[in-house]
2 protein chains.
Amino acid sequence: MSPAGRAGRSRAGQGKLTRGCRRVLAVLEQTRELSSAQDIHGMLRQAEPEAPGLTTVYRSLESLVGMGLVQSVDLGDGEKRYEVVEPGEHHHHLICQGCGASVHLDQCLVEDLEKSIKAKYGFEISSHVLEVFGRCRGCLKSSTK
Amino acid sequence: MSPAGRAGRSRAGQGKLTRGCRRVLAVLEQTRELSSAQDIHGMLRQAEPEAPGLTTVYRSLESLVGMGLVQSVDLGDGEKRYEVVEPGEHHHHLICQGCGASVHLDQCLVEDLEKSIKAKYGFEISSHVLEVFGRCRGCLKSSTK
DNA sequence: CTTATAATGAAAACGATTTCCATTTGAATC
DNA sequence: GATTCAAATGGAAATCGTTTTCATTATAAG
């Protein structure tokens with residue numbers, strides 16, 4: 001029911017993490033890539049058959065997102081991805097349709113506009129989704145070659 | 001597999017529309033609101049039991065999006081919405097989490113940046129997704145009151 | 001009219017995510 | 001250490017929007 005999840009200034013990480021949360025966070029910190037819940041579960045189980053179940057992974061991700069330690073990214077293919085972020089921060093991506101690589105945008109286009117949107121539309125922003133698709137430098141080169 | 005769908009400059013509408021496409025388009029043009037495939041199907045069937053089936057609605061939407069007559073909008077709740085657009089155009093929304101209303105943004109923040117992103121990251125944009133969530137003027141008032 | 005092709009429909013299949021519910025874990029207390 | 005209760009966990013079943021499958025009709029040529 002919650003529309004989406006991406007925005008700044010949350011109450012960042014504190015409180016103790018459950019076992020599941022710690023395991024999930026560990027995977028995301030190592031990987032440093034956009035990973036789906038099932039990816040994460042797979043990696044955990046591969047390393048150890050007794051690792052947290054899929055349900056726990058989903059629940060852990062939900063908590064971590066709520067705590068602002070992880071952000072979820074919707075690439076529009078029906079499978080959400082997750083990645084660690086600076087507590088309470090967020091960022092957007094340039095996603096290459098050639099190789100799948102994703103580059104972080106170093107600034108948020110939307111935050112800059114919060115005030116002007118409030119002034120113009122009377123609309124108060126609480127979150128937003130922004131992802132950009134295209135071709136990265138490398139893939140542009142190889143297709144020209 | 002296709003990441004998402006939102007971007008400008010497509011080859012706009014030509015070619016003849018199938019029966020299904022015409023019916024779907026008619027609904028969207030009357031409604032002028034974000035509607036899901038199932039919404040559209042429901043409205044069609046309500047008006048006429050012999051109306052196109054759900055499968056055809058999905059296929060028609062796919063075609064219409066491809067032709068640039070309709071854009072799909074992902075609100076992150078697992079159900080895509082659709083709306084008519086100026087052929088080949090697109091736009092983004094401010095979506096109120098209070099009343100569900102959506103306001104069109106009158107300009108695309110991302111297009112303006114295509115050149116600078118190309119210059120800075122070497123990344124060539126082909127499409128993007130941008131939706132903003134929050135509270136509209138009306139809902140802000142009533143919650144203060 | 002005959003024929004090849006695209007469009008359509010209903011039902012089954014899919015697949016990520018949720019929900020159920022019984023079991024285990026952990027911390028607080030006795 | 002034993003007891004207790006709530007939170008965490010796991011596996012299987014259920015959800016649900018969307019896709020596939022496949023057999024049936026329009027549609028357009030020839």
# chains A, B, ... in the order shown; residues from 1 in each chain; ligands from 1

$ interface_residues --of "chain D" --to "chain A" --cutoff "9 Å" --atoms "only C-alpha atoms (C1' of nucleotides)" --output "list of chain:residue names"
D:DA8, D:DT9, D:DG10, D:DG11

$ write_last_selection --atoms "N, CA and C atoms (P, O5', C5', C4', C3', O3' and C1' of nucleotides)" --output "PDB file, in the first residue's frame"
ATOM      1  P    DA D   8      11.453  -8.259  16.565  1.00  0.00           P
ATOM      2  O5'  DA D   8      11.905  -9.756  16.243  1.00  0.00           O
ATOM      3  C5'  DA D   8      13.009 -10.303  16.958  1.00  0.00           C
ATOM      4  C4'  DA D   8      13.416 -11.616  16.331  1.00  0.00           C
ATOM      5  C3'  DA D   8      13.551 -11.598  14.809  1.00  0.00           C
ATOM      6  O3'  DA D   8      14.703 -12.348  14.465  1.00  0.00           O
ATOM      7  C1'  DA D   8      11.979 -13.240  15.436  1.00  0.00           C
ATOM      8  P    DT D   9      15.172 -12.510  12.964  1.00  0.00           P
ATOM      9  O5'  DT D   9      14.559 -13.924  12.587  1.00  0.00           O
ATOM     10  C5'  DT D   9      14.857 -15.048  13.414  1.00  0.00           C
ATOM     11  C4'  DT D   9      14.196 -16.307  12.895  1.00  0.00           C
ATOM     12  C3'  DT D   9      14.225 -16.468  11.373  1.00  0.00           C
ATOM     13  O3'  DT D   9      14.931 -17.656  11.065  1.00  0.00           O
ATOM     14  C1'  DT D   9      12.074 -16.974  12.280  1.00  0.00           C
ATOM     15  P    DG D  10      15.316 -17.968   9.539  1.00  0.00           P
ATOM     16  O5'  DG D  10      14.239 -19.087   9.209  1.00  0.00           O
ATOM     17  C5'  DG D  10      14.141 -20.198  10.084  1.00  0.00           C
ATOM     18  C4'  DG D  10      13.149 -21.176   9.501  1.00  0.00           C
ATOM     19  C3'  DG D  10      13.205 -21.270   7.979  1.00  0.00           C
ATOM     20  O3'  DG D  10      13.090 -22.629   7.608  1.00  0.00           O
ATOM     21  C1'  DG D  10      11.028 -20.578   8.672  1.00  0.00           C
ATOM     22  P    DG D  11      13.442 -23.097   6.168  1.00  0.00           P
ATOM     23  O5'  DG D  11      12.050 -23.741   5.694  1.00  0.00           O
ATOM     24  C5'  DG D  11      11.353 -24.563   6.619  1.00  0.00           C
ATOM     25  C4'  DG D  11       9.946 -24.778   6.135  1.00  0.00           C
ATOM     26  C3'  DG D  11       9.817 -24.925   4.618  1.00  0.00           C
ATOM     27  O3'  DG D  11       8.929 -26.000   4.372  1.00  0.00           O
ATOM     28  C1'  DG D  11       8.440 -23.140   5.371  1.00  0.00           C
TER      29       DG D  11
END

$ interface_residues --of "chain A" --to "chain C" --cutoff "10 Å" --atoms "only C-alpha atoms (C1' of nucleotides)" --output "count of residues only"
8

$ closest_residue --among "B:Glu89, B:Glu62, B:Asp74, B:Glu29" --to "chain A" --atoms "only C-alpha atoms"
B:Asp74

$ closest_atom_pairs --of "chain B" --to "chain A" --cutoff "7 Å" --atoms "only C-alpha atoms" --output "CSV"
residue,atom,partner,partner_atom,distance
B:Met1,CA,A:Asp77,CA,6.2
B:Ser2,CA,A:Asp77,CA,6.9
B:Pro3,CA,A:Gly76,CA,5.5
B:Ala4,CA,A:Gly76,CA,5.2
B:Leu75,CA,A:Pro3,CA,5.9
B:Gly76,CA,A:Ala4,CA,5.2
B:Asp77,CA,A:Pro3,CA,5.6
B:Gly122,CA,A:Arg137,CA,4.9
B:Phe123,CA,A:Cys136,CA,4.5
B:Glu124,CA,A:Arg135,CA,5.1
B:Ile125,CA,A:Gly134,CA,4.3
B:Ser126,CA,A:Gly134,CA,4.6
B:Ser127,CA,A:Phe133,CA,5.1
B:His128,CA,A:Val132,CA,4.2
B:Val129,CA,A:Glu131,CA,5.3
B:Leu130,CA,A:Leu130,CA,4.4
B:Glu131,CA,A:Val129,CA,5.3
B:Val132,CA,A:His128,CA,4.2
B:Phe133,CA,A:Ser127,CA,5.1
B:Gly134,CA,A:Ile125,CA,4.3
B:Arg135,CA,A:Glu124,CA,5.1
B:Cys136,CA,A:Phe123,CA,4.5
B:Arg137,CA,A:Gly122,CA,4.8

$ select_by_dssp --residues "chain A" --states "helix (DSSP H, G or I)" --output "number ranges by chain"
A: 19-31, 37-47, 54-67, 111-121, 137-144

$ select_by_dssp --residues "segment 10-138 of chain B" --states "strand (DSSP E or B)" --output "list in words"
Ser35, Ser36, Val70, Gln71, Ser72, Val73, Arg81, Tyr82, Glu83, Val84, His93, Leu94, Ile95, Cys96, Ser102, Val103, His104, Glu124, Ile125, Ser126, Ser127, His128, Val129, Leu130, Glu131, Val132, Phe133, Gly134 and Arg135 of chain B

$ write_last_selection --atoms "N, CA, C and O atoms" --output "compact mmCIF listing (two decimals), in the first residue's frame"
# COMPACT_ATOMS: atom_id res chain seq x y z
N SER B 35 -5.15 4.93 -14.82
CA SER B 35 -5.96 3.73 -14.68
C SER B 35 -5.11 2.49 -14.90
O SER B 35 -4.25 2.48 -15.76
N SER B 36 -5.39 1.47 -14.13
CA SER B 36 -4.66 0.22 -14.31
C SER B 36 -5.33 -0.59 -15.41
O SER B 36 -6.47 -0.31 -15.82
N VAL B 70 0.21 6.44 -25.33
CA VAL B 70 -0.11 6.21 -23.92
C VAL B 70 1.20 6.06 -23.18
O VAL B 70 2.17 5.57 -23.74
N GLN B 71 1.23 6.52 -21.93
CA GLN B 71 2.42 6.26 -21.13
C GLN B 71 2.03 5.44 -19.92
O GLN B 71 0.91 5.52 -19.44
N SER B 72 2.95 4.63 -19.48
CA SER B 72 2.68 3.85 -18.29
C SER B 72 3.37 4.51 -17.12
O SER B 72 4.43 5.11 -17.26
N VAL B 73 2.74 4.42 -15.97
CA VAL B 73 3.25 5.08 -14.78
C VAL B 73 3.37 4.04 -13.68
O VAL B 73 2.42 3.31 -13.41
N ARG B 81 -0.06 1.90 -14.00
CA ARG B 81 -1.19 2.75 -14.42
C ARG B 81 -0.86 3.27 -15.79
O ARG B 81 0.29 3.33 -16.20
N TYR B 82 -1.91 3.70 -16.48
CA TYR B 82 -1.74 4.20 -17.84
C TYR B 82 -2.54 5.47 -18.01
O TYR B 82 -3.55 5.69 -17.36
N GLU B 83 -2.06 6.32 -18.94
CA GLU B 83 -2.80 7.52 -19.26
C GLU B 83 -2.42 7.98 -20.66
O GLU B 83 -1.32 7.70 -21.14
N VAL B 84 -3.33 8.66 -21.32
CA VAL B 84 -3.03 9.18 -22.66
C VAL B 84 -2.09 10.36 -22.53
O VAL B 84 -2.13 11.10 -21.57
N HIS B 93 4.53 13.13 -12.38
CA HIS B 93 3.42 13.49 -11.51
C HIS B 93 3.84 13.82 -10.09
O HIS B 93 4.83 13.31 -9.60
N LEU B 94 3.01 14.65 -9.49
CA LEU B 94 3.01 14.79 -8.05
C LEU B 94 1.82 13.98 -7.58
O LEU B 94 0.69 14.28 -7.95
N ILE B 95 2.06 12.96 -6.79
CA ILE B 95 0.98 12.08 -6.38
C ILE B 95 0.69 12.25 -4.91
O ILE B 95 1.56 12.03 -4.06
N CYS B 96 -0.53 12.65 -4.61
CA CYS B 96 -0.90 12.92 -3.21
C CYS B 96 -1.21 11.61 -2.50
O CYS B 96 -2.05 10.84 -2.93
N SER B 102 -3.43 13.15 -8.68
CA SER B 102 -2.13 13.33 -9.29
C SER B 102 -2.12 14.59 -10.15
O SER B 102 -3.05 14.86 -10.88
N VAL B 103 -1.05 15.34 -10.00
CA VAL B 103 -0.89 16.58 -10.75
C VAL B 103 0.27 16.39 -11.72
O VAL B 103 1.28 15.80 -11.36
N HIS B 104 0.09 16.86 -12.94
CA HIS B 104 1.19 16.75 -13.90
C HIS B 104 2.23 17.80 -13.63
O HIS B 104 1.89 18.97 -13.40
N GLU B 124 24.43 8.08 -22.03
CA GLU B 124 23.41 8.58 -22.94
C GLU B 124 22.03 8.09 -22.51
O GLU B 124 21.75 6.89 -22.53
N ILE B 125 21.20 9.02 -22.14
CA ILE B 125 19.88 8.68 -21.60
C ILE B 125 18.92 8.27 -22.70
O ILE B 125 18.83 8.91 -23.73
N SER B 126 18.20 7.16 -22.46
CA SER B 126 17.16 6.80 -23.42
C SER B 126 15.78 6.82 -22.80
O SER B 126 14.78 6.95 -23.48
N SER B 127 15.71 6.69 -21.51
CA SER B 127 14.41 6.80 -20.84
C SER B 127 14.64 7.02 -19.35
O SER B 127 15.75 6.90 -18.86
N HIS B 128 13.58 7.34 -18.66
CA HIS B 128 13.72 7.56 -17.22
C HIS B 128 12.38 7.46 -16.54
O HIS B 128 11.34 7.52 -17.18
N VAL B 129 12.43 7.31 -15.24
CA VAL B 129 11.24 7.21 -14.42
C VAL B 129 11.34 8.26 -13.34
O VAL B 129 12.38 8.39 -12.71
N LEU B 130 10.28 9.02 -13.15
CA LEU B 130 10.28 10.02 -12.09
C LEU B 130 8.88 10.24 -11.59
O LEU B 130 7.99 10.62 -12.35
N GLU B 131 8.67 9.96 -10.33
CA GLU B 131 7.38 10.24 -9.71
C GLU B 131 7.63 10.80 -8.33
O GLU B 131 8.55 10.38 -7.64
N VAL B 132 6.80 11.75 -7.95
CA VAL B 132 6.99 12.43 -6.67
C VAL B 132 5.76 12.20 -5.78
O VAL B 132 4.63 12.35 -6.24
N PHE B 133 6.01 11.83 -4.54
CA PHE B 133 4.91 11.55 -3.62
C PHE B 133 4.89 12.57 -2.49
O PHE B 133 5.93 13.10 -2.10
N GLY B 134 3.72 12.83 -1.97
CA GLY B 134 3.62 13.78 -0.87
C GLY B 134 2.18 14.16 -0.60
O GLY B 134 1.30 13.32 -0.72
N ARG B 135 1.97 15.44 -0.23
CA ARG B 135 0.63 15.90 0.12
C ARG B 135 0.25 17.11 -0.72
O ARG B 135 1.02 18.07 -0.81

$ atom_distance --atom1 "atom CA of Arg23 of chain B" --atom2 "atom CA of Gly68 of chain B"
16.5 Å

$ atom_distance --atom1 "atom C1' of DT19 of chain D" --atom2 "atom CA of Pro49 of chain B"
23.3 Å

$ atom_distance --atom1 "atom CA of Glu114 of chain A" --atom2 "atom CA of Pro87 of chain B"
29.1 Å
